[in-house]
file coords-v9.cif (mmCIF, C-alpha atoms)
data_model
#
loop_
_atom_site.label_atom_id
_atom_site.label_comp_id
_atom_site.auth_asym_id
_atom_site.auth_seq_id
_atom_site.Cartn_x
_atom_site.Cartn_y
_atom_site.Cartn_z
CA MET A 1 -5.11 1.35 6.48
CA MET A 2 -1.39 1.57 7.12
CA GLU A 3 -1.86 1.19 10.85
CA ALA A 4 -3.38 -2.14 10.09
CA VAL A 5 -0.50 -3.59 8.17
CA SER A 6 2.30 -2.32 10.32
CA ARG A 7 3.47 -1.81 13.84
CA ILE A 8 6.34 0.20 12.45
CA PRO A 9 5.45 3.62 14.02
CA LEU A 10 6.13 2.38 17.58
CA LEU A 11 9.32 0.63 16.46
CA ARG A 12 10.40 3.78 14.64
CA VAL A 13 9.95 5.91 17.76
CA LEU A 14 11.97 3.44 19.86
CA THR A 15 14.67 3.16 17.21
CA ALA A 16 14.78 6.92 16.86
CA ALA A 17 15.17 7.40 20.61
CA LEU A 18 18.02 4.87 20.78
CA LEU A 19 19.66 6.30 17.70
CA ALA A 20 19.35 9.86 18.94
CA GLY A 21 20.89 8.87 22.28
CA ALA A 22 23.76 7.11 20.54
CA ILE A 23 24.39 10.02 18.22
CA PHE A 24 24.28 12.45 21.14
CA CYS A 25 26.91 10.42 23.01
CA LEU A 26 28.96 10.22 19.83
CA GLY A 27 28.76 13.97 19.41
CA ARG A 28 30.32 14.52 22.83
CA PHE A 29 33.50 12.86 21.61
CA GLY A 30 33.54 14.38 18.12
CA ILE A 31 32.48 12.72 14.88
CA ALA A 32 36.01 12.06 13.61
CA GLY A 33 36.72 9.63 16.40
CA ALA A 34 33.59 7.56 15.97
CA ALA A 35 34.30 3.97 14.99
CA SER A 36 30.62 3.11 14.47
CA LEU A 37 29.67 6.22 12.54
CA ASP A 38 28.87 4.23 9.40
CA ASP A 39 26.40 2.08 11.29
CA LEU A 40 24.72 5.08 12.82
CA LEU A 41 24.42 6.94 9.55
CA ALA A 42 23.05 3.86 7.80
CA GLY A 43 20.50 3.46 10.58
CA ALA A 44 19.28 7.01 10.02
CA LEU A 45 18.37 6.21 6.41
CA ALA A 46 15.17 4.20 6.59
CA PRO A 47 13.36 3.18 3.37
CA SER A 48 9.92 4.68 2.74
CA ALA A 49 6.77 2.94 3.93
CA ALA A 50 5.24 -0.03 2.15
CA PRO A 51 2.15 0.85 0.11
CA ALA A 52 -1.18 0.86 1.95
CA LEU A 53 -3.56 -1.98 1.14
CA LEU A 54 -5.73 -1.63 -1.94
CA GLY A 55 -9.46 -1.49 -1.21
CA PRO A 56 -12.19 -4.16 -1.29
CA ILE A 57 -13.64 -5.70 -4.46
CA THR A 58 -17.30 -6.46 -5.14
CA SER A 59 -18.75 -9.85 -6.02
CA ALA A 60 -18.30 -8.97 -9.71
CA GLY A 61 -14.63 -9.86 -9.25
CA ARG A 62 -11.41 -8.23 -10.35
CA VAL A 63 -11.92 -8.28 -14.12
CA GLY A 64 -13.20 -5.14 -15.83
CA TRP A 65 -12.76 -1.40 -15.63
CA GLU A 66 -15.07 -1.09 -12.67
CA CYS A 67 -12.54 -2.80 -10.42
CA LYS A 68 -10.49 0.09 -9.07
CA PRO A 69 -8.04 -1.95 -6.92
CA GLU A 70 -7.06 -4.19 -9.83
CA ARG A 71 -6.61 -1.16 -12.05
CA ALA A 72 -4.44 0.48 -9.38
CA ALA A 73 -2.33 -2.67 -9.09
CA GLY A 74 -1.49 -2.54 -12.80
CA ALA A 75 -1.27 1.24 -13.28
CA ALA A 76 1.96 2.84 -14.49
CA GLY A 77 1.31 6.23 -12.84
CA TRP A 78 2.17 6.58 -9.14
CA GLN A 79 -1.02 8.46 -8.24
CA GLU A 80 -3.36 5.96 -9.90
CA ALA A 81 -1.29 3.19 -8.28
CA GLU A 82 -2.05 4.80 -4.88
CA LEU A 83 1.61 4.86 -3.85
CA PRO A 84 2.41 6.46 -0.49
CA LEU A 85 3.38 10.02 0.25
CA ASP A 86 5.79 11.03 3.00
CA ARG A 87 5.69 14.00 5.37
CA GLY A 88 6.40 17.14 3.37
CA THR A 89 5.78 15.61 -0.07
CA PRO A 90 2.97 16.98 -2.24
CA MET B 1 -72.44 4.36 -25.80
CA ARG B 2 -71.27 0.77 -26.14
CA VAL B 3 -68.29 1.88 -28.27
CA ALA B 4 -67.25 4.45 -25.66
CA LEU B 5 -67.47 1.83 -22.93
CA LEU B 6 -65.31 -0.57 -24.96
CA VAL B 7 -62.66 2.11 -25.55
CA ALA B 8 -62.56 2.96 -21.83
CA LEU B 9 -62.21 -0.73 -20.94
CA LEU B 10 -59.35 -1.24 -23.42
CA THR B 11 -57.56 1.88 -22.14
CA GLN B 12 -57.78 0.59 -18.57
CA LEU B 13 -56.39 -2.79 -19.58
CA THR B 14 -53.43 -1.19 -21.40
CA ALA B 15 -52.63 0.97 -18.38
CA THR B 16 -52.78 -2.00 -16.00
CA SER B 17 -50.49 -4.00 -18.27
CA GLY B 18 -47.98 -1.09 -18.23
CA ILE B 19 -47.95 -0.96 -14.43
CA ALA B 20 -47.41 -4.71 -14.20
CA GLN B 21 -44.35 -4.45 -16.45
CA THR B 22 -42.88 -1.62 -14.38
CA TYR B 23 -43.10 -3.61 -11.15
CA SER B 24 -41.65 -6.90 -12.37
CA PRO B 25 -39.90 -8.81 -9.54
CA GLN B 26 -36.15 -8.16 -9.10
CA THR B 27 -35.31 -11.77 -8.40
CA PRO B 28 -36.64 -14.16 -11.04
CA VAL B 29 -38.81 -16.99 -9.82
CA PRO B 30 -36.80 -20.24 -9.97
CA ARG B 31 -37.86 -22.23 -13.03
CA THR B 32 -37.20 -25.56 -11.39
CA THR B 33 -38.50 -27.83 -8.67
CA SER B 34 -35.21 -29.73 -8.38
CA ALA B 35 -33.95 -29.61 -4.78
CA PRO B 36 -30.22 -29.35 -5.68
CA ALA B 37 -30.94 -26.61 -8.22
CA LEU B 38 -33.06 -24.68 -5.71
CA ARG B 39 -30.32 -25.06 -3.10
CA ALA B 40 -27.73 -23.73 -5.56
CA VAL B 41 -29.93 -20.69 -6.23
CA ALA B 42 -30.32 -20.10 -2.49
CA VAL B 43 -26.57 -20.39 -1.87
CA ARG B 44 -25.82 -18.02 -4.72
CA ARG B 45 -28.31 -15.57 -3.25
CA GLU B 46 -26.74 -15.91 0.22
CA ILE B 47 -23.28 -15.21 -1.21
CA GLU B 48 -24.48 -12.08 -3.00
CA GLU B 49 -26.22 -10.82 0.14
CA ARG B 50 -23.18 -11.50 2.33
CA PHE B 51 -20.92 -9.67 -0.13
CA THR B 52 -23.21 -6.65 0.09
CA ILE B 53 -23.31 -6.75 3.90
CA GLY B 54 -19.57 -7.45 4.21
CA LEU B 55 -18.56 -4.61 1.89
CA ALA B 56 -20.89 -2.23 3.75
CA ALA B 57 -19.23 -3.29 7.03
CA GLU B 58 -15.76 -2.65 5.56
CA GLY B 59 -17.04 0.73 4.35
CA ARG B 60 -17.79 1.74 7.95
CA SER B 61 -14.60 0.08 9.27
CA ASP B 62 -16.51 -2.62 11.15
CA TRP B 63 -13.81 -5.19 10.39
CA LYS B 64 -15.11 -7.88 12.76
CA ALA B 65 -18.54 -7.91 11.13
CA ALA B 66 -16.96 -7.87 7.67
CA ALA B 67 -14.68 -10.78 8.52
CA ALA B 68 -17.66 -12.84 9.69
CA GLU B 69 -19.49 -12.31 6.40
CA PHE B 70 -16.51 -13.19 4.21
CA GLU B 71 -15.59 -16.20 6.38
CA ARG B 72 -19.09 -17.56 5.75
CA ILE B 73 -18.75 -16.96 2.00
CA VAL B 74 -15.41 -18.79 1.95
CA ALA B 75 -16.99 -21.69 3.86
CA LEU B 76 -19.63 -21.96 1.13
CA ARG B 77 -16.82 -22.64 -1.39
CA PRO B 78 -18.14 -20.34 -4.13
CA PRO B 79 -16.96 -20.62 -7.75
CA GLU B 80 -14.59 -18.13 -9.34
CA PRO B 81 -14.33 -15.17 -9.27
CA LEU B 82 -16.34 -15.18 -6.03
CA GLY B 83 -13.93 -17.45 -4.15
CA SER B 84 -10.75 -15.46 -4.73
CA THR B 85 -12.61 -12.16 -4.27
CA ALA B 86 -14.10 -13.23 -0.93
CA ARG B 87 -10.65 -14.29 0.33
CA TYR B 88 -9.17 -10.97 -0.86
CA ASP B 89 -11.84 -9.00 1.01
CA LEU B 90 -11.45 -11.24 4.08
CA ALA B 91 -7.71 -10.50 4.06
CA ILE B 92 -8.42 -6.76 4.21
CA ALA B 93 -10.66 -7.30 7.24
CA TYR B 94 -8.03 -9.48 8.96
CA ALA B 95 -5.25 -6.97 8.29
CA ASN B 96 -7.32 -4.25 9.91
CA LEU B 97 -7.91 -6.55 12.89
CA GLN B 98 -4.08 -6.87 13.21
CA ARG B 99 -4.32 -10.51 12.06
CA ASN B 100 -1.63 -10.22 9.40
CA GLU B 101 -0.72 -13.92 9.41
CA ASP B 102 -4.34 -14.79 8.63
CA ALA B 103 -4.51 -12.05 6.01
CA ALA B 104 -1.41 -13.44 4.28
CA ARG B 105 -2.89 -16.94 4.31
CA GLU B 106 -6.14 -15.75 2.67
CA LEU B 107 -4.27 -13.81 -0.01
CA ARG B 108 -2.13 -16.85 -0.84
CA ALA B 109 -5.33 -18.89 -1.15
CA ALA B 110 -6.85 -16.21 -3.42
CA LEU B 111 -3.76 -16.38 -5.62
CA SER B 112 -3.92 -20.15 -5.88
CA LEU B 113 -7.50 -19.76 -7.14
CA ASP B 114 -6.66 -16.86 -9.46
CA PRO B 115 -2.92 -16.72 -10.23
CA GLY B 116 -3.20 -13.43 -12.16
CA PHE B 117 -4.87 -11.47 -9.36
CA LEU B 118 -2.65 -8.35 -9.25
CA ALA B 119 -4.43 -6.57 -6.38
CA ALA B 120 -4.01 -9.68 -4.22
CA MET B 121 -0.29 -9.77 -5.03
CA ALA B 122 0.05 -6.06 -4.25
CA ASN B 123 -1.60 -6.45 -0.85
CA LEU B 124 0.31 -9.63 -0.04
CA VAL B 125 3.65 -7.86 -0.55
CA SER B 126 2.59 -5.09 1.85
CA ILE B 127 1.43 -7.60 4.45
CA ASP B 128 4.59 -9.70 4.15
CA ILE B 129 6.64 -6.52 4.66
CA ALA B 130 4.60 -5.75 7.79
CA LEU B 131 5.30 -9.29 8.99
CA ARG B 132 9.02 -8.78 8.21
CA ASN B 133 8.76 -11.86 6.02
CA LEU B 134 11.07 -10.41 3.40
CA SER B 135 11.88 -13.64 1.55
CA GLU B 136 8.18 -14.31 0.90
CA ALA B 137 7.59 -10.65 0.06
CA ARG B 138 10.39 -10.85 -2.51
CA LYS B 139 8.95 -14.00 -4.13
CA VAL B 140 5.53 -12.41 -4.53
CA ALA B 141 7.03 -9.12 -5.70
CA ASP B 142 9.07 -10.95 -8.38
CA ARG B 143 5.92 -12.71 -9.60
CA TYR B 144 4.03 -9.41 -9.56
CA MET B 145 6.79 -7.79 -11.65
CA THR B 146 6.73 -10.65 -14.16
CA LEU B 147 2.98 -10.27 -14.70
CA ALA B 148 2.90 -6.46 -14.67
CA PRO B 149 6.37 -5.11 -15.53
CA ASP B 150 5.09 -1.55 -16.05
CA SER B 151 3.10 -1.41 -12.82
CA ALA B 152 4.22 1.47 -10.59
CA ARG B 153 3.15 -0.44 -7.50
CA ALA B 154 5.06 -3.56 -8.50
CA LEU B 155 8.23 -1.52 -9.06
CA TYR B 156 7.83 0.42 -5.83
CA SER B 157 6.95 -2.63 -3.72
CA ARG B 158 9.85 -4.72 -4.95
CA GLY B 159 12.18 -1.74 -4.56
CA ILE B 160 11.17 -1.35 -0.91
CA VAL B 161 11.54 -5.09 -0.26
CA ALA B 162 14.97 -5.05 -1.92
CA LEU B 163 16.10 -2.05 0.15
CA GLN B 164 14.94 -3.69 3.37
CA ALA B 165 16.64 -6.95 2.43
CA GLY B 166 19.95 -5.29 1.49
CA ASP B 167 19.67 -5.79 -2.29
CA ALA B 168 20.58 -2.24 -3.30
CA ALA B 169 21.21 -3.11 -6.96
CA THR B 170 17.65 -4.37 -7.51
CA ALA B 171 16.27 -1.39 -5.59
CA ARG B 172 18.26 0.98 -7.79
CA ASP B 173 16.92 -0.68 -10.97
CA ASP B 174 13.30 -0.68 -9.78
CA PHE B 175 13.21 2.91 -8.52
CA GLY B 176 15.06 4.01 -11.65
CA LYS B 177 12.38 2.42 -13.85
CA LEU B 178 9.62 3.88 -11.69
CA LEU B 179 11.12 7.36 -12.03
CA HIS B 180 11.51 6.99 -15.78
CA VAL B 181 7.70 7.12 -16.04
CA ASN B 182 7.08 9.13 -12.86
CA PRO B 183 9.82 11.79 -12.59
CA SER B 184 7.68 13.94 -10.28
CA TYR B 185 7.31 11.27 -7.56
CA ALA B 186 9.59 12.65 -4.83
CA VAL B 187 9.41 9.53 -2.63
CA ALA B 188 10.96 7.39 -5.38
CA HIS B 189 13.87 9.86 -5.71
CA TYR B 190 14.47 9.44 -1.97
CA ASP B 191 14.46 5.64 -2.14
CA LEU B 192 16.68 5.62 -5.22
CA ALA B 193 19.08 7.85 -3.28
CA LEU B 194 19.16 5.29 -0.48
CA ALA B 195 20.04 2.56 -2.97
CA GLU B 196 22.80 4.71 -4.48
CA GLU B 197 24.15 5.54 -1.02
CA ARG B 198 24.34 1.88 -0.13
CA LEU B 199 26.20 1.20 -3.35
CA GLY B 200 28.71 3.90 -2.37
CA ARG B 201 27.64 6.22 -5.18
CA TYR B 202 27.34 9.35 -3.07
CA ASP B 203 27.26 11.79 -5.98
CA ALA B 204 24.25 10.00 -7.50
CA ALA B 205 22.59 9.80 -4.08
CA GLU B 206 23.07 13.53 -3.55
CA ARG B 207 21.63 14.26 -7.00
CA GLU B 208 18.50 12.18 -6.30
CA LEU B 209 17.99 13.80 -2.91
CA ARG B 210 18.30 17.26 -4.43
CA SER B 211 15.71 16.21 -7.05
CA ALA B 212 13.38 15.05 -4.25
CA LEU B 213 13.87 18.31 -2.39
CA GLY B 214 13.33 20.30 -5.59
CA LEU B 215 9.93 18.63 -5.89
CA ALA B 216 9.16 18.78 -2.14
CA PRO B 217 11.26 21.38 -0.27
CA GLY B 218 9.71 20.44 3.08
CA TYR B 219 10.50 16.71 2.71
CA ALA B 220 12.21 16.22 6.08
CA ARG B 221 13.35 12.63 5.57
CA ALA B 222 15.06 13.56 2.29
CA ARG B 223 16.72 16.56 3.98
CA LEU B 224 18.04 14.30 6.73
CA ALA B 225 19.33 11.82 4.15
CA LEU B 226 21.03 14.66 2.29
CA GLY B 227 22.84 15.55 5.50
CA VAL B 228 24.04 11.96 5.85
CA VAL B 229 25.28 11.84 2.24
CA LEU B 230 27.03 15.20 2.61
CA LEU B 231 28.69 13.91 5.76
CA ARG B 232 29.94 10.88 3.86
CA GLU B 233 31.31 13.24 1.22
CA GLY B 234 33.17 15.16 3.92
CA GLU B 235 31.01 18.27 3.63
CA HIS B 236 30.53 18.78 7.37
CA GLY B 237 29.28 22.36 7.21
CA ALA B 238 26.71 21.65 4.52
CA ALA B 239 25.68 18.48 6.36
CA ARG B 240 25.12 20.42 9.57
CA ASN B 241 22.94 22.92 7.70
CA ALA B 242 20.92 20.07 6.20
CA PHE B 243 20.36 18.48 9.63
CA ALA B 244 19.37 21.88 11.06
CA GLN B 245 16.81 22.35 8.28
CA ALA B 246 15.56 18.78 8.74
CA THR B 247 14.97 19.54 12.42
CA VAL B 248 12.69 22.41 11.38
CA ASP B 249 10.95 20.47 8.59
CA ALA B 250 10.31 17.45 10.82
CA SER B 251 8.16 19.36 13.28
CA GLY B 252 5.22 17.06 13.96
CA ASP B 253 7.40 13.93 13.66
CA PRO B 254 9.27 13.74 17.00
CA ALA B 255 11.21 10.60 16.03
CA LEU B 256 12.67 12.15 12.92
CA GLN B 257 13.19 15.48 14.65
CA ASN B 258 15.21 13.83 17.44
CA ILE B 259 17.50 12.10 14.97
CA ALA B 260 18.01 15.29 12.93
CA ALA B 261 18.75 17.36 16.06
CA ALA B 262 21.17 14.77 17.40
CA MET B 263 22.98 14.59 14.07
CA ARG B 264 23.15 18.39 13.88
CA ASP B 265 24.53 18.65 17.39
CA SER B 266 27.09 15.92 16.77
CA ILE B 267 28.86 18.07 14.20
CA LYS B 268 31.00 20.81 15.68
CA SER B 269 30.04 24.20 14.26
CA PRO B 270 32.90 26.08 12.58
CA GLN B 271 34.75 28.43 14.98
#
call {"tool": "encode", "arguments": {"input": "coords-v9.cif", "output": "structure tokens"}}
result
Amino acid sequence: MMEAVSRIPLLRVLTAALLAGAIFCLGRFGIAGAASLDDLLAGALAPSAAPALLGPITSAGRVGWECKPERAAGAAGWQEAELPLDRGTP
Amino acid sequence: MRVALLVALLTQLTATSGIAQTYSPQTPVPRTTSAPALRAVAVRREIEERFTIGLAAEGRSDWKAAAAEFERIVALRPPEPLGSTARYDLAIAYANLQRNEDAARELRAALSLDPGFLAAMANLVSIDIALRNLSEARKVADRYMTLAPDSARALYSRGIVALQAGDAATARDDFGKLLHVNPSYAVAHYDLALAEERLGRYDAAERELRSALGLAPGYARARLALGVVLLREGEHGAARNAFAQATVDASGDPALQNIAAAMRDSIKSPQ
């Protein structure tokens, strides 16, 4: 589902390649002398992904316990809310 | 002889009546001859059938077929909750067809029909983020939070929007509240750390990242972020170690691995 709502993976790869190249060049001259270090470090810290879309709803509508997406949208627990995981997280 | 025949006949009649009850028709026969009423029954039946077909198509990821069914339902202008539900399901099909603008439009229409539709709000925030329409995403996320202040998804979604839009204070509040109820959610510790880092609170950021890594030792993005925070704190050796570990943990994610390796190599190792 996430592929559908985002073209972020391709952008991330391009950004990563540019960032890696910039950091590599920076490294050749030593970190202490880098004027734009703050920008580079900030660029390395990307927020987590947006949540994937909640699933379809039947003609009965959103009201009632049978409607899983509406329940997920209001749930207090992260698993029931179907929040995303990241690589390496359980 | 006559009595026996009568008993047999009555038994047969009872059995026949039982069978007839078992096989009663699923769809009741319309109790009207009025043309408008008959048309309304037919339209209602068409909507139900198209929902069934459309949901089956979404179930097998045939988004084009699903979109066609829900477009037809929307064109029939069904009453609530059918109208908002059809637009919600149509938005899912559009999003999977990479038609995010259309998906956002349908979700906004669903919300104008049913202003309390939380699942529609949740999906609209995700689609607005994908469209990089952060001001709209924030408006919907604020409304979502007002209606469902304890919702984990509302807190997470608004926190992500706030981080992307540069509002670190709101992000810190939202991820903090999310973690109050969900202390074992490692991803929220990571995002809270990002908010703290942007607010210049490196000690708090480091603490959150160590919490995330305590829950998920192989969490490469958190390890990379820890390296960045340690670097900001002047801990070059520890930062280098964190980047080196992130390079290992990020195997399978070349983008992240490249960044971690470049960061590691940019720090001179102690002589």
call {"tool": "resolve_selection", "arguments": {"input": "coords-v9.cif", "expression": "the PyMOL selection byres ((chain B) within 6 of (chain A))", "output": "PyMOL selection string"}}
result
chain B and resi 81-82+85+89+95-96+98+118-119+123+126-127+130+150-153+216+218-219+255+258-259+262+266
call {"tool": "write_last_selection", "arguments": {"input": "coords-v9.cif", "atoms": "C-alpha atoms", "output": "short mmCIF file (atom, residue, chain, number, x, y, z; two decimals), in the coordinates of the input"}}
result
data_model
loop_
_atom_site.label_atom_id
_atom_site.label_comp_id
_atom_site.auth_asym_id
_atom_site.auth_seq_id
_atom_site.Cartn_x
_atom_site.Cartn_y
_atom_site.Cartn_z
CA PRO B 81 -14.33 -15.17 -9.27
CA LEU B 82 -16.34 -15.18 -6.03
CA THR B 85 -12.61 -12.16 -4.27
CA ASP B 89 -11.84 -9.00 1.01
CA ALA B 95 -5.25 -6.97 8.29
CA ASN B 96 -7.32 -4.25 9.91
CA GLN B 98 -4.08 -6.87 13.21
CA LEU B 118 -2.65 -8.35 -9.25
CA ALA B 119 -4.43 -6.57 -6.38
CA ASN B 123 -1.60 -6.45 -0.85
CA SER B 126 2.59 -5.09 1.85
CA ILE B 127 1.43 -7.60 4.45
CA ALA B 130 4.60 -5.75 7.79
CA ASP B 150 5.09 -1.55 -16.05
CA SER B 151 3.10 -1.41 -12.82
CA ALA B 152 4.22 1.47 -10.59
CA ARG B 153 3.15 -0.44 -7.50
CA ALA B 216 9.16 18.78 -2.14
CA GLY B 218 9.71 20.44 3.08
CA TYR B 219 10.50 16.71 2.71
CA ALA B 255 11.21 10.60 16.03
CA ASN B 258 15.21 13.83 17.44
CA ILE B 259 17.50 12.10 14.97
CA ALA B 262 21.17 14.77 17.40
CA SER B 266 27.09 15.92 16.77
#
call {"tool": "closest_residue", "arguments": {"input": "coords-v9.cif", "among": "B:Ala141, B:Ala250, B:Leu231, B:Val125", "to": "Met263 of chain B", "atoms": "all atoms listed in the file"}}
result
B:Leu231
call {"tool": "atom_distance", "arguments": {"input": "coords-v9.cif", "atom1": "atom CA of Lys177 of chain B", "atom2": "atom CA of Asp142 of chain B"}}
result
14.8 Å
call {"tool": "closest_residue", "arguments": {"input": "coords-v9.cif", "among": "B:Ala104, B:Ile53, B:Ala195, B:Ala68", "to": "Gly166 of chain B", "atoms": "only C-alpha atoms"}}
result
B:Ala195
call {"tool": "resolve_selection", "arguments": {"input": "coords-v9.cif", "expression": "the PyMOL selection byres ((chain B and resi 59) around 12)", "output": "PyMOL selection string"}}
result
(chain A and resi 55-58) or (chain B and resi 51-58+60-63+65-66+89+92-93)
call {"tool": "resolve_selection", "arguments": {"input": "coords-v9.cif", "expression": "the PyMOL selection byres ((chain B and resi 207) around 12)", "output": "number ranges by chain"}}
result
B: 189-190, 192-194, 196-197, 201-206, 208-214, 222, 225-226, 229-230
call {"tool": "closest_residue", "arguments": {"input": "coords-v9.cif", "among": "B:Asp114, B:Leu155, B:Leu76, B:Arg138", "to": "Arg39 of chain B", "atoms": "only C-alpha atoms"}}
result
B:Leu76
